[in-house]
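**Q** Coordinates in target.txt, compact mmCIF, C-alpha atoms, are listed below.
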```txt
# COMPACT_ATOMS: atom_id res chain seq x y z
CA MET A 1046 0.00 0.00 0.00
CA GLN A 1047 1.27 3.45 -0.90
CA ASN A 1048 1.21 6.41 1.43
CA GLN A 1049 -0.90 8.38 -1.00
CA ASP A 1050 -3.59 5.67 -1.09
CA MET A 1051 -3.86 5.05 2.62
CA PHE A 1052 -2.99 8.50 4.02
CA PRO A 1053 -3.70 11.00 1.23
CA VAL A 1054 -1.99 14.30 1.96
CA GLN A 1055 -4.46 17.20 2.17
CA ARG A 1056 -2.00 19.97 2.86
CA THR A 1057 1.51 20.63 4.09
CA LEU A 1058 2.95 23.41 6.20
CA LEU A 1059 6.55 24.45 6.68
CA HIS A 1060 7.13 26.55 9.83
CA ILE A 1061 10.53 28.22 10.34
CA GLU A 1062 11.47 30.49 13.25
CA GLU A 1063 14.60 32.67 13.27
CA ILE A 1064 15.38 33.68 16.82
CA TYR A 1065 17.81 36.55 17.44
CA HIS A 1066 17.31 37.16 21.17
CA GLU A 1067 14.84 36.91 23.99
CA GLY A 1068 15.70 40.04 25.90
CA GLY A 1069 19.41 39.21 26.29
CA PRO A 1070 22.37 39.69 23.93
CA ARG A 1071 21.42 39.74 20.27
CA THR A 1072 23.03 37.04 18.14
CA ARG A 1073 24.29 37.71 14.62
CA SER A 1074 23.46 34.24 13.36
CA PRO A 1075 20.01 33.31 14.58
CA LEU A 1076 18.89 30.06 16.14
CA LEU A 1077 16.64 28.33 13.64
CA ARG A 1078 13.78 26.26 14.93
CA GLY A 1079 11.38 24.66 12.50
CA ALA A 1080 8.69 22.13 11.85
CA ALA A 1081 7.31 20.37 8.80
CA LEU A 1082 3.69 19.31 9.01
CA ALA A 1083 1.46 17.17 6.82
CA VAL A 1084 -2.31 16.94 7.13
CA VAL A 1085 -3.41 13.49 5.98
CA LYS A 1086 -6.67 11.56 5.90
CA ASN A 1087 -6.99 9.09 8.78
CA PRO A 1088 -7.91 5.69 7.29
CA PHE A 1089 -9.04 4.45 10.70
CA ALA A 1090 -11.34 7.37 11.62
CA GLY A 1091 -14.82 6.60 12.88
CA ARG A 1092 -14.35 2.94 13.82
CA TYR A 1093 -12.17 0.71 15.94
CA VAL A 1094 -9.55 -1.18 13.95
CA GLU A 1095 -7.43 -3.68 15.87
CA GLU A 1096 -4.62 -4.20 13.36
CA ILE A 1097 -3.10 -0.85 12.52
CA ALA A 1098 0.63 -1.47 12.96
CA GLU A 1099 1.32 -2.15 9.27
CA ALA A 1100 0.47 1.45 8.52
CA MET A 1101 3.80 2.45 10.08
CA ASP A 1102 5.64 1.19 7.01
CA VAL A 1103 3.23 3.00 4.73
CA LEU A 1104 4.09 6.29 6.45
CA LYS A 1105 7.85 5.98 5.98
CA PRO A 1106 8.03 7.88 2.66
CA LEU A 1107 6.04 10.75 4.16
CA GLY A 1108 8.46 10.85 7.07
CA ARG A 1109 11.44 11.01 4.74
CA GLN A 1110 9.85 13.77 2.63
CA LEU A 1111 9.11 15.93 5.66
CA ALA A 1112 12.54 15.35 7.21
CA ALA A 1113 14.36 16.22 3.98
CA ARG A 1114 12.30 19.33 3.38
CA LEU A 1115 12.75 20.57 6.92
CA ALA A 1116 16.50 19.93 7.05
CA GLU A 1117 16.92 21.78 3.76
CA ALA A 1118 14.90 24.74 5.03
CA LEU A 1119 17.17 24.95 8.08
CA GLY A 1120 20.26 25.20 5.90
CA GLY A 1121 21.12 21.51 5.52
CA ALA A 1122 21.17 18.35 7.62
CA GLU A 1123 24.68 19.10 8.90
CA LEU A 1124 23.40 22.18 10.74
CA VAL A 1125 20.64 20.38 12.64
CA GLU A 1126 21.37 19.74 16.33
CA GLY A 1127 18.03 18.91 17.89
CA TYR A 1128 14.81 17.14 16.99
CA GLY A 1129 11.32 16.13 18.04
CA LYS A 1130 8.03 14.91 16.60
CA GLY A 1131 4.32 14.89 17.23
CA ALA A 1132 0.82 14.29 15.95
CA ILE A 1133 -2.65 15.75 16.34
CA VAL A 1134 -5.45 13.28 15.59
CA GLY A 1135 -8.87 14.59 14.50
CA THR A 1136 -11.79 13.83 16.78
CA ASP A 1137 -13.07 10.74 14.93
CA GLY A 1138 -9.72 9.07 15.61
CA GLU A 1139 -7.73 7.81 18.59
CA VAL A 1140 -4.47 8.92 20.08
CA GLU A 1141 -3.20 5.45 19.07
CA HIS A 1142 -3.45 6.55 15.43
CA GLY A 1143 -1.04 9.35 16.21
CA ALA A 1144 1.31 6.82 17.78
CA LEU A 1145 1.77 5.29 14.32
CA TRP A 1146 4.15 8.20 13.71
CA HIS A 1147 6.76 7.09 16.29
CA VAL A 1148 8.55 4.67 14.00
CA PRO A 1149 8.35 6.35 10.56
CA GLY A 1150 8.85 9.84 11.98
CA GLY A 1151 11.79 8.83 14.14
CA TYR A 1152 13.53 6.73 11.51
CA ALA A 1153 13.09 9.42 8.88
CA MET A 1154 14.98 11.90 11.00
CA ARG A 1155 17.68 9.41 11.92
CA GLN A 1156 18.20 8.60 8.25
CA THR A 1157 18.37 12.27 7.35
CA LEU A 1158 20.67 13.42 10.16
CA SER A 1159 24.07 11.98 11.02
CA ASP A 1160 24.62 10.26 14.40
CA SER A 1161 21.25 11.09 15.92
CA LEU A 1162 21.42 8.48 18.64
CA ALA A 1163 19.01 10.14 21.05
CA MET A 1164 15.43 9.03 21.37
CA VAL A 1165 13.21 11.43 19.42
CA PRO A 1166 10.86 13.01 22.00
CA SER A 1167 7.23 13.39 21.05
CA THR A 1168 3.78 14.63 21.98
CA LEU A 1169 0.49 13.23 20.74
CA LYS A 1170 -3.06 14.33 21.21
CA VAL A 1171 -6.56 14.31 19.82
CA GLY A 1172 -7.57 17.79 18.81
CA ALA A 1173 -10.05 19.96 16.94
CA PRO A 1174 -9.19 22.04 13.86
CA GLY A 1175 -6.55 24.63 14.71
CA ALA A 1176 -5.45 22.78 17.86
CA ARG A 1177 -1.95 23.78 18.92
CA LEU A 1178 0.73 21.22 19.76
CA ASP A 1179 3.91 21.82 21.74
CA VAL A 1180 6.50 19.56 20.15
CA PRO A 1181 9.47 18.81 22.43
CA LEU A 1182 13.05 19.08 21.20
CA VAL A 1183 16.25 17.45 22.48
CA HIS A 1184 19.83 17.22 21.25
CA LYS A 1185 19.93 14.55 18.55
CA ASP A 1186 23.08 12.82 19.82
CA ALA A 1187 22.53 12.81 23.58
CA SER A 1188 19.22 13.24 25.38
CA TYR A 1189 20.80 14.72 28.51
CA VAL A 1190 22.26 17.82 26.86
CA ARG A 1191 20.44 20.42 28.94
CA SER A 1192 20.97 23.43 26.67
CA HIS A 1193 18.93 21.80 23.89
CA TYR A 1194 15.73 20.99 25.82
CA ASP A 1195 13.28 23.16 23.96
CA ALA A 1196 9.91 23.03 22.23
CA ILE A 1197 8.16 24.49 19.23
CA GLU A 1198 4.46 25.23 19.14
CA VAL A 1199 2.68 24.42 15.88
CA SER A 1200 -0.80 24.37 14.41
CA VAL A 1201 -2.56 24.27 11.08
CA SER A 1202 -5.54 26.56 10.66
CA GLY A 1203 -8.57 24.40 9.89
CA ALA A 1204 -6.88 21.06 10.58
CA PRO A 1205 -7.16 18.33 11.64
CA ALA A 1206 -10.73 17.76 10.49
CA ARG A 1207 -12.33 14.89 12.38
CA ASP A 1208 -11.11 12.34 9.83
CA GLU A 1209 -7.58 13.77 9.52
CA ILE A 1210 -4.24 13.54 11.31
CA VAL A 1211 -1.56 16.23 11.44
CA PHE A 1212 1.90 14.63 11.54
CA VAL A 1213 4.79 16.84 12.67
CA LEU A 1214 8.58 16.66 12.54
CA ALA A 1215 10.58 19.37 14.29
CA MET A 1216 14.26 20.33 14.24
CA THR A 1217 16.50 23.03 15.65
CA THR A 1218 19.98 24.28 14.80
CA GLY A 1219 21.18 24.85 18.35
CA ALA A 1220 20.64 25.47 22.03
CA ARG A 1221 17.97 27.74 23.50
CA ILE A 1222 18.88 31.28 22.57
CA HIS A 1223 20.05 32.28 26.07
CA ALA A 1224 20.82 28.79 27.48
CA ARG A 1225 22.59 29.12 30.83
CA VAL A 1226 21.34 26.52 33.30
CA GLY A 1227 24.38 24.23 33.18
CA GLY A 1228 24.15 20.45 32.92
CA LEU A 1229 25.71 18.28 30.24
CA GLN A 1230 27.24 20.38 27.45
CA VAL A 1231 27.54 19.46 23.79
CA ASP A 1232 31.34 19.18 24.07
CA GLN A 1233 30.92 16.71 26.94
CA ILE A 1234 29.06 14.09 24.89
CA THR A 1235 31.28 11.00 25.16
CA LYS A 1236 29.32 7.84 25.75
CA ARG A 1237 27.62 7.69 22.36
CA ASP A 1238 24.71 5.84 23.95
CA GLY A 1239 22.09 8.37 22.95
CA LEU A 1240 21.92 9.68 26.50
CA ARG A 1241 25.30 11.29 27.41
CA MET B 461 19.96 40.45 7.99
CA SER B 462 17.99 43.52 7.32
CA VAL B 463 17.94 46.95 8.83
CA VAL B 464 15.16 45.84 11.15
CA ALA B 465 16.23 44.85 14.69
CA TRP B 466 13.63 42.17 15.22
CA ARG B 467 13.69 39.60 17.98
CA LYS B 468 12.32 36.78 15.91
CA VAL B 469 11.00 36.14 12.40
CA ILE B 470 8.65 33.30 11.56
CA THR B 471 7.89 32.02 8.08
CA LEU B 472 5.01 29.69 7.31
CA VAL B 473 4.60 28.14 3.88
CA GLU B 474 1.38 26.25 3.38
CA GLU B 475 0.40 24.14 0.40
CA ILE B 476 -3.21 23.04 0.09
CA VAL B 477 -3.43 19.87 -1.98
CA ALA B 478 -7.00 18.85 -1.25
CA GLU B 479 -9.96 20.59 0.36
CA GLY B 480 -13.29 19.09 1.37
CA GLY B 481 -12.27 15.71 0.00
CA ARG B 482 -11.42 17.09 -3.44
CA THR B 483 -7.94 17.23 -4.86
CA LEU B 484 -7.22 20.67 -6.31
CA VAL B 485 -6.23 20.92 -9.96
CA THR B 486 -3.35 23.15 -8.87
CA PRO B 487 -2.26 23.16 -5.24
CA ALA B 488 -2.79 26.52 -3.53
CA ARG B 489 0.24 28.03 -1.81
CA ARG B 490 0.45 30.71 0.82
CA ALA B 491 3.37 32.26 2.64
CA ILE B 492 3.02 34.18 5.89
CA VAL B 493 6.00 35.98 7.37
CA GLY B 494 5.78 37.66 10.75
CA ALA B 495 8.35 39.59 12.79
CA ILE B 496 8.45 40.51 16.44
CA VAL B 497 9.80 44.00 17.01
CA THR B 498 10.12 46.30 20.01
CA ASN B 499 7.43 48.95 20.31
CA PRO B 500 9.33 52.23 20.86
CA TYR B 501 6.18 53.88 22.25
CA ALA B 502 5.16 51.16 24.72
CA GLY B 503 4.12 52.42 28.14
CA ARG B 504 3.74 56.11 27.19
CA TYR B 505 1.60 58.35 25.05
CA SER B 506 3.40 59.88 22.12
CA GLU B 507 1.68 62.20 19.68
CA ASP B 508 4.31 61.50 17.06
CA LEU B 509 4.54 57.94 15.75
CA THR B 510 7.16 58.44 13.04
CA GLU B 511 9.43 55.64 14.22
CA LEU B 512 6.68 53.08 13.75
CA ILE B 513 5.66 54.52 10.40
CA GLU B 514 9.22 54.17 9.11
CA LEU B 515 9.54 50.72 10.63
CA GLY B 516 6.39 49.72 8.77
CA GLU B 517 7.95 50.52 5.42
CA GLN B 518 11.06 48.48 6.20
CA LEU B 519 8.98 45.57 7.43
CA GLY B 520 6.72 45.69 4.39
CA GLU B 521 9.69 45.36 2.08
CA GLU B 522 11.68 42.83 4.10
CA LEU B 523 8.82 40.54 5.13
CA GLY B 524 7.36 40.86 1.64
CA ARG B 525 10.67 39.90 0.07
CA ARG B 526 10.86 36.79 2.25
CA ALA B 527 7.30 35.79 1.46
CA VAL B 528 7.87 36.26 -2.27
CA GLU B 529 11.02 34.14 -2.06
CA ALA B 530 9.19 31.40 -0.18
CA LEU B 531 6.50 31.22 -2.86
CA GLN B 532 8.83 31.55 -5.83
CA ARG B 533 10.91 28.63 -4.61
CA ASP B 534 7.95 26.47 -5.61
CA GLY B 535 7.38 28.39 -8.84
CA SER B 536 4.37 30.35 -7.64
CA VAL B 537 3.29 33.82 -8.78
CA VAL B 538 1.80 36.19 -6.21
CA GLN B 539 -1.93 36.81 -6.72
CA SER B 540 -3.08 38.10 -3.36
CA PHE B 541 -1.73 39.93 -0.34
CA GLY B 542 -2.59 41.04 3.16
CA LYS B 543 -1.08 42.52 6.33
CA ALA B 544 -1.82 42.57 10.05
CA ALA B 545 -0.36 43.58 13.39
CA MET B 546 -0.88 42.71 17.03
CA VAL B 547 0.36 45.20 19.63
CA GLY B 548 1.42 44.00 23.08
CA GLU B 549 -0.60 45.32 25.99
CA ASP B 550 1.66 48.28 26.86
CA GLY B 551 0.90 49.72 23.43
CA GLU B 552 -2.16 51.09 21.65
CA LEU B 553 -4.18 50.07 18.65
CA GLU B 554 -2.92 53.27 17.03
CA HIS B 555 0.60 51.82 17.10
CA ALA B 556 -0.57 48.98 14.86
CA ALA B 557 -2.14 51.54 12.57
CA ALA B 558 1.15 53.45 12.41
CA VAL B 559 3.06 50.35 11.37
CA LEU B 560 0.47 49.17 8.87
CA HIS B 561 -1.24 52.03 7.09
CA PRO B 562 1.06 54.89 6.05
CA LEU B 563 4.01 53.04 4.45
CA LEU B 564 3.98 49.26 4.90
CA GLY B 565 2.01 48.79 1.69
CA ALA B 566 4.59 50.76 -0.30
CA GLY B 567 7.38 48.48 0.93
CA LEU B 568 5.30 45.39 0.25
CA ARG B 569 4.51 46.54 -3.29
CA ARG B 570 8.21 47.08 -3.95
CA ALA B 571 8.90 43.54 -2.75
CA ILE B 572 6.31 41.94 -5.03
CA GLY B 573 6.93 44.30 -7.94
CA GLY B 574 3.45 45.78 -8.21
CA GLY B 575 0.00 45.62 -6.68
CA LYS B 576 -2.59 48.30 -7.43
CA ALA B 577 -5.20 47.28 -4.87
CA LEU B 578 -5.47 48.38 -1.27
CA VAL B 579 -3.68 45.87 0.97
CA PRO B 580 -6.38 44.44 3.27
CA SER B 581 -5.44 44.56 6.94
CA SER B 582 -6.40 43.68 10.47
CA ALA B 583 -5.05 44.91 13.79
CA LYS B 584 -5.51 44.35 17.48
CA VAL B 585 -3.97 44.64 20.91
CA GLY B 586 -3.14 41.20 22.21
CA GLY B 587 -0.70 38.90 23.93
CA PRO B 588 1.56 35.88 23.51
CA GLY B 589 0.00 32.96 21.65
CA GLN B 590 -3.02 34.91 20.54
CA VAL B 591 -4.15 34.23 16.99
CA LEU B 592 -3.93 37.04 14.45
CA THR B 593 -6.08 36.63 11.35
CA VAL B 594 -4.49 38.17 8.27
CA PRO B 595 -6.94 39.05 5.48
CA LEU B 596 -6.05 38.39 1.84
CA GLY B 597 -7.23 40.15 -1.32
CA HIS B 598 -6.23 40.24 -4.99
CA ILE B 599 -3.17 42.44 -5.56
CA ASP B 600 -4.58 44.43 -8.48
CA ALA B 601 -8.34 44.37 -8.06
CA ALA B 602 -9.91 44.45 -4.61
CA TYR B 603 -13.27 43.21 -5.93
CA VAL B 604 -12.06 39.80 -7.09
CA ARG B 605 -14.39 37.70 -4.97
CA SER B 606 -12.53 34.40 -5.28
CA HIS B 607 -9.55 35.94 -3.54
CA PHE B 608 -11.30 37.24 -0.41
CA ASP B 609 -9.57 34.97 2.06
CA SER B 610 -7.62 34.96 5.30
CA VAL B 611 -4.89 33.08 7.10
CA GLU B 612 -4.07 32.65 10.76
CA PHE B 613 -0.82 33.40 12.50
CA ALA B 614 0.20 32.96 16.15
CA VAL B 615 3.49 33.03 18.04
CA ASN B 616 3.61 31.26 21.39
CA ASP B 617 5.83 33.85 23.15
CA ALA B 618 4.82 37.08 21.42
CA PRO B 619 3.87 39.83 21.47
CA ARG B 620 5.18 40.49 24.94
CA ARG B 621 3.77 43.68 26.42
CA SER B 622 6.31 46.04 24.82
CA GLU B 623 6.41 44.30 21.44
CA ILE B 624 4.50 44.33 18.18
CA LEU B 625 3.91 41.33 15.96
CA VAL B 626 3.73 42.38 12.31
CA ALA B 627 2.81 39.92 9.57
CA VAL B 628 2.37 39.94 5.82
CA ALA B 629 0.72 37.15 3.85
CA LEU B 630 0.90 36.31 0.14
CA SER B 631 -0.93 33.67 -1.85
CA ASP B 632 -0.64 32.34 -5.39
CA SER B 633 -4.38 31.74 -5.69
CA GLY B 634 -7.81 32.42 -4.29
CA ARG B 635 -9.78 30.17 -1.96
CA PRO B 636 -9.20 26.49 -2.74
CA LEU B 637 -12.69 25.76 -4.10
CA ALA B 638 -14.01 29.28 -4.82
CA ARG B 639 -17.44 29.14 -6.47
CA ILE B 640 -19.58 32.08 -5.40
CA GLY B 641 -19.20 34.16 -8.56
CA GLY B 642 -18.37 37.87 -8.64
CA LEU B 643 -15.47 39.48 -10.46
CA MET B 644 -13.09 36.81 -11.78
CA VAL B 645 -9.32 37.03 -12.18
CA ASN B 646 -9.61 36.91 -15.98
CA GLU B 647 -11.94 39.95 -15.90
CA VAL B 648 -9.54 42.19 -13.99
CA LEU B 649 -8.89 45.52 -15.72
CA GLY B 650 -6.15 46.44 -13.28
CA GLU B 651 -6.51 50.18 -13.61
CA ASP B 652 -8.06 51.53 -10.43
CA GLY B 653 -7.12 48.85 -7.91
CA LEU B 654 -10.77 47.89 -7.54
CA ARG B 655 -11.81 46.01 -10.73
```
Mind converting the file's structure to structure tokens?
**A**
Amino acid sequence: MQNQDMFPVQRTLLHIEEIYHEGGPRTRSPLLRGAALAVVKNPFAGRYVEEIAEAMDVLKPLGRQLAARLAEALGGAELVEGYGKGAIVGTDGEVEHGALWHVPGGYAMRQTLSDSLAMVPSTLKVGAPGARLDVPLVHKDASYVRSHYDAIEVSVSGAPARDEIVFVLAMTTGARIHARVGGLQVDQITKRDGLR
Amino acid sequence: MSVVAWRKVITLVEEIVAEGGRTLVTPARRAIVGAIVTNPYAGRYSEDLTELIELGEQLGEELGRRAVEALQRDGSVVQSFGKAAMVGEDGELEHAAAVLHPLLGAGLRRAIGGGKALVPSSAKVGGPGQVLTVPLGHIDAAYVRSHFDSVEFAVNDAPRRSEILVAVALSDSGRPLARIGGLMVNEVLGEDGLR
């Protein structure tokens, strides 16, 4: 089954933030934080379907498309330092339908970005059209890097309709703009275990 | 970077492939670019609002240029435009008017290389995360009914009380499934900005 047959894309949204300061020193090269979103039809809306896991494979091409587009918009995969993902399921669906995104969304980003050993953090919810989702972000190589704990808030006006799902991938090019609460630093990543 | 000392700039590029269960013959694309700037008049009454008027012109050109670029990357031609501002709570509605009305349109027209129609606008006083609806209208003929549209824009941490959120929106088409008649794009005379 092809992505376009099972989860036809209704619209896409690319969301890019350039952050220069937040009341502190102004940076010359901004932190870029972005998200790529796709609104798709939910093939399981309106009924309970027990066997849904195969749909994860079907979603892999969509994951790769979103990851590639987002990395390019942020200046290239080599500049990306943090990532996250999420989904908003329309009200005729279940949060479990959003959970289908864990595997294809996560693998897409790992394929697109080098190293990327850290677990990709995520948020999922059922929501009405225009619902806003806070997508968490962590450093892609080591989850404990404190400077890179961040989030990006996204929404699509008018979506998800009750039979739609909004799938989200998010990436960032660096630490929070005025990060200064200590903890594990990027140059202290040594264990290569995805955590430290 | 531009002349404008903004805190943050956000670009949204939306492509509508299907609407109401129907796949569009040509996908509709929209770009919305918004900047968060400091309001130089926050917390005081100033009779003169020149700084915001001049800032409006710079923002019109710079945000417009970015929106045009975002659409052109996908081969789109600009057909409609709009502008809006949300002033943080230590400012006044008049501050939004100062940014938007005297000169922003001139900068925006330079960025898109034309546009005879009035640029439709909306403005309000508001706070972080609040949704700003940006109206859209045809760039050369305000009466083109298929292009009366709007887009939404919100920034989770802005505008703070001494900031202003200023946004411009461009689209390469009218509403996705426009079918309520009125003046059509192919009937535009393009002389007076209205028809």
**Q** Give me, as JSON lines, each residue of chain A that comes within 10 Å of chain B, together with its shortest interatomic pair and the distance in Å at one decimal, counting only C-alpha atoms, with rows ordered by chain and rising residue number.
**A**
```
{"residue": "A:Pro1053", "atom": "CA", "partner": "B:Ala478", "partner_atom": "CA", "distance": 8.9}
{"residue": "A:Val1054", "atom": "CA", "partner": "B:Val477", "partner_atom": "CA", "distance": 7.0}
{"residue": "A:Gln1055", "atom": "CA", "partner": "B:Ala478", "partner_atom": "CA", "distance": 4.6}
{"residue": "A:Arg1056", "atom": "CA", "partner": "B:Ile476", "partner_atom": "CA", "distance": 4.3}
{"residue": "A:Thr1057", "atom": "CA", "partner": "B:Glu475", "partner_atom": "CA", "distance": 5.2}
{"residue": "A:Leu1058", "atom": "CA", "partner": "B:Glu474", "partner_atom": "CA", "distance": 4.3}
{"residue": "A:Leu1059", "atom": "CA", "partner": "B:Val473", "partner_atom": "CA", "distance": 5.0}
{"residue": "A:His1060", "atom": "CA", "partner": "B:Leu472", "partner_atom": "CA", "distance": 4.6}
{"residue": "A:Ile1061", "atom": "CA", "partner": "B:Thr471", "partner_atom": "CA", "distance": 5.1}
{"residue": "A:Glu1062", "atom": "CA", "partner": "B:Ile470", "partner_atom": "CA", "distance": 4.3}
{"residue": "A:Glu1063", "atom": "CA", "partner": "B:Val469", "partner_atom": "CA", "distance": 5.1}
{"residue": "A:Ile1064", "atom": "CA", "partner": "B:Lys468", "partner_atom": "CA", "distance": 4.4}
{"residue": "A:Tyr1065", "atom": "CA", "partner": "B:Arg467", "partner_atom": "CA", "distance": 5.2}
{"residue": "A:His1066", "atom": "CA", "partner": "B:Arg467", "partner_atom": "CA", "distance": 5.4}
{"residue": "A:Glu1067", "atom": "CA", "partner": "B:Arg467", "partner_atom": "CA", "distance": 6.7}
{"residue": "A:Gly1068", "atom": "CA", "partner": "B:Arg467", "partner_atom": "CA", "distance": 8.2}
{"residue": "A:Arg1071", "atom": "CA", "partner": "B:Arg467", "partner_atom": "CA", "distance": 8.1}
{"residue": "A:Thr1072", "atom": "CA", "partner": "B:Arg467", "partner_atom": "CA", "distance": 9.7}
{"residue": "A:Arg1073", "atom": "CA", "partner": "B:Met461", "partner_atom": "CA", "distance": 8.4}
{"residue": "A:Ser1074", "atom": "CA", "partner": "B:Met461", "partner_atom": "CA", "distance": 8.9}
{"residue": "A:Pro1075", "atom": "CA", "partner": "B:Lys468", "partner_atom": "CA", "distance": 8.5}
{"residue": "A:Leu1076", "atom": "CA", "partner": "B:Lys468", "partner_atom": "CA", "distance": 9.4}
{"residue": "A:Leu1077", "atom": "CA", "partner": "B:Ile470", "partner_atom": "CA", "distance": 9.6}
{"residue": "A:Arg1078", "atom": "CA", "partner": "B:Ile470", "partner_atom": "CA", "distance": 9.3}
{"residue": "A:Gly1079", "atom": "CA", "partner": "B:Ile470", "partner_atom": "CA", "distance": 9.1}
{"residue": "A:Ala1080", "atom": "CA", "partner": "B:Leu472", "partner_atom": "CA", "distance": 9.6}
{"residue": "A:Ala1081", "atom": "CA", "partner": "B:Val473", "partner_atom": "CA", "distance": 9.6}
{"residue": "A:Leu1082", "atom": "CA", "partner": "B:Glu474", "partner_atom": "CA", "distance": 9.2}
{"residue": "A:Ala1083", "atom": "CA", "partner": "B:Glu475", "partner_atom": "CA", "distance": 9.5}
{"residue": "A:Val1084", "atom": "CA", "partner": "B:Ile476", "partner_atom": "CA", "distance": 9.4}
{"residue": "A:Val1085", "atom": "CA", "partner": "B:Ala478", "partner_atom": "CA", "distance": 9.7}
{"residue": "A:Lys1086", "atom": "CA", "partner": "B:Gly481", "partner_atom": "CA", "distance": 9.1}
{"residue": "A:Gly1175", "atom": "CA", "partner": "B:Glu612", "partner_atom": "CA", "distance": 9.3}
{"residue": "A:Arg1177", "atom": "CA", "partner": "B:Asn616", "partner_atom": "CA", "distance": 9.6}
{"residue": "A:Asp1179", "atom": "CA", "partner": "B:Asn616", "partner_atom": "CA", "distance": 9.5}
{"residue": "A:Ile1197", "atom": "CA", "partner": "B:Asn616", "partner_atom": "CA", "distance": 8.4}
{"residue": "A:Glu1198", "atom": "CA", "partner": "B:Asn616", "partner_atom": "CA", "distance": 6.5}
{"residue": "A:Val1199", "atom": "CA", "partner": "B:Asn616", "partner_atom": "CA", "distance": 8.8}
{"residue": "A:Ser1200", "atom": "CA", "partner": "B:Ala614", "partner_atom": "CA", "distance": 8.8}
{"residue": "A:Val1201", "atom": "CA", "partner": "B:Glu612", "partner_atom": "CA", "distance": 8.5}
{"residue": "A:Ser1202", "atom": "CA", "partner": "B:Glu612", "partner_atom": "CA", "distance": 6.3}
{"residue": "A:Gly1203", "atom": "CA", "partner": "B:Glu612", "partner_atom": "CA", "distance": 9.4}
{"residue": "A:Ala1206", "atom": "CA", "partner": "B:Gly480", "partner_atom": "CA", "distance": 9.6}
```
**Q** I'd like the interatomic distance between CA of Ala602 (chain B) and CA of Glu647 (chain B), to a tenth of an Å.
**A**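 CA of Glu647 (chain B) lies 12.3 Å from CA of Ala602 (chain B).
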**Q** Show me, as number ranges by chain, the residues that have an atom within 9 Å of Val1171 (chain A) when counting all atoms listed in the file, minus same-chain residues fewer than 2 positions from it.
**A** A: 1132-1140, 1143, 1169, 1173, 1176, 1210
**Q** Excluding same-chain residues fewer than 6 positions from Gly1108 (chain A), what lies within 12 Å of it counting all atoms listed in the file, as number ranges by chain?
**A** A: 1048, 1081-1083, 1101-1102, 1114-1115, 1130-1131, 1145-1157, 1212-1215
**Q** Quick one: residues within 10 Å of Glu511 (chain B), all atoms listed in the file counted, chain neighbours fewer than 4 positions away excluded, as number ranges by chain?
**A** B: 499-501, 515-516, 558-559
**Q** Need the shell around His607 (chain B): protein/DNA/RNA residues with any atom at most 12 Å away, counting all atoms listed in the file. Skip same-chain ones fewer than 5 positions apart. Format as a ChimeraX atom specification?
**A** /B:488,538-542,580,595-602,630-645
**Q** Contacts of Ile513 (chain B) at 12 Å or less, counting only C-alpha atoms, minus same-chain residues fewer than 6 places along, as a list of chain:residue names?
**A** B:Asn499, B:Pro500, B:Tyr501, B:Leu519, B:Gly520, B:Glu554, B:His555, B:Ala556, B:Ala557, B:Ala558, B:Val559, B:Leu560, B:His561, B:Pro562, B:Leu563, B:Leu564, B:Gly565, B:Ala566, B:Gly567
**Q** Quick one: write out the picked residues with C-alpha atoms as a tab-separated table (two decimals), in the frame of the given file?
**A**
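Generated file (again-v1.tsv):
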```tsv
chain	number	residue	atom	x	y	z
B	499	ASN	CA	7.43	48.95	20.31
B	500	PRO	CA	9.33	52.23	20.86
B	501	TYR	CA	6.18	53.88	22.25
B	519	LEU	CA	8.98	45.57	7.43
B	520	GLY	CA	6.72	45.69	4.39
B	554	GLU	CA	-2.92	53.27	17.03
B	555	HIS	CA	0.60	51.82	17.10
B	556	ALA	CA	-0.57	48.98	14.86
B	557	ALA	CA	-2.14	51.54	12.57
B	558	ALA	CA	1.15	53.45	12.41
B	559	VAL	CA	3.06	50.35	11.37
B	560	LEU	CA	0.47	49.17	8.87
B	561	HIS	CA	-1.24	52.03	7.09
B	562	PRO	CA	1.06	54.89	6.05
B	563	LEU	CA	4.01	53.04	4.45
B	564	LEU	CA	3.98	49.26	4.90
B	565	GLY	CA	2.01	48.79	1.69
B	566	ALA	CA	4.59	50.76	-0.30
B	567	GLY	CA	7.38	48.48	0.93
```
**Q** For CA of Ser610 (chain B) and CA of Leu531 (chain B), quote the distance in Å rounded to one decimal.
**A** 16.7 Å
**Q** Can you work out the spacing between CA of Val1226 (chain A) and CA of Gly587 (chain B) in Å, to one decimal?
**A**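 Those two atoms sit 27.0 Å apart.
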**Q** Give as a short mmCIF file (atom, residue, chain, number, x, y, z; two decimals) with C-alpha atoms, in the coordinates of the input every residue, naming chains and numbers as the document does, that has an atom within 7 Å of (15.2, 19.1, 16.3), counting only C-alpha atoms.
**A**
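Saved to part_23.cif:
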```cif
data_model
loop_
_atom_site.label_atom_id
_atom_site.label_comp_id
_atom_site.auth_asym_id
_atom_site.auth_seq_id
_atom_site.Cartn_x
_atom_site.Cartn_y
_atom_site.Cartn_z
CA VAL A 1125 20.64 20.38 12.64
CA GLU A 1126 21.37 19.74 16.33
CA GLY A 1127 18.03 18.91 17.89
CA TYR A 1128 14.81 17.14 16.99
CA GLY A 1129 11.32 16.13 18.04
CA LEU A 1182 13.05 19.08 21.20
CA VAL A 1183 16.25 17.45 22.48
CA LYS A 1185 19.93 14.55 18.55
CA ALA A 1215 10.58 19.37 14.29
CA MET A 1216 14.26 20.33 14.24
CA THR A 1217 16.50 23.03 15.65
#
```
**Q** Using 3 Å of padding on each side, determine the axis-aligned box around all atoms of region 493-503 of chain B present in the file and give its centre and edge lengths in Å to one decimal, as lines of an AutoDock Vina configuration file.
**A**
```
center_x = 7.1
center_y = 44.9
center_z = 17.8
size_x = 12.0
size_y = 23.9
size_z = 26.8
```
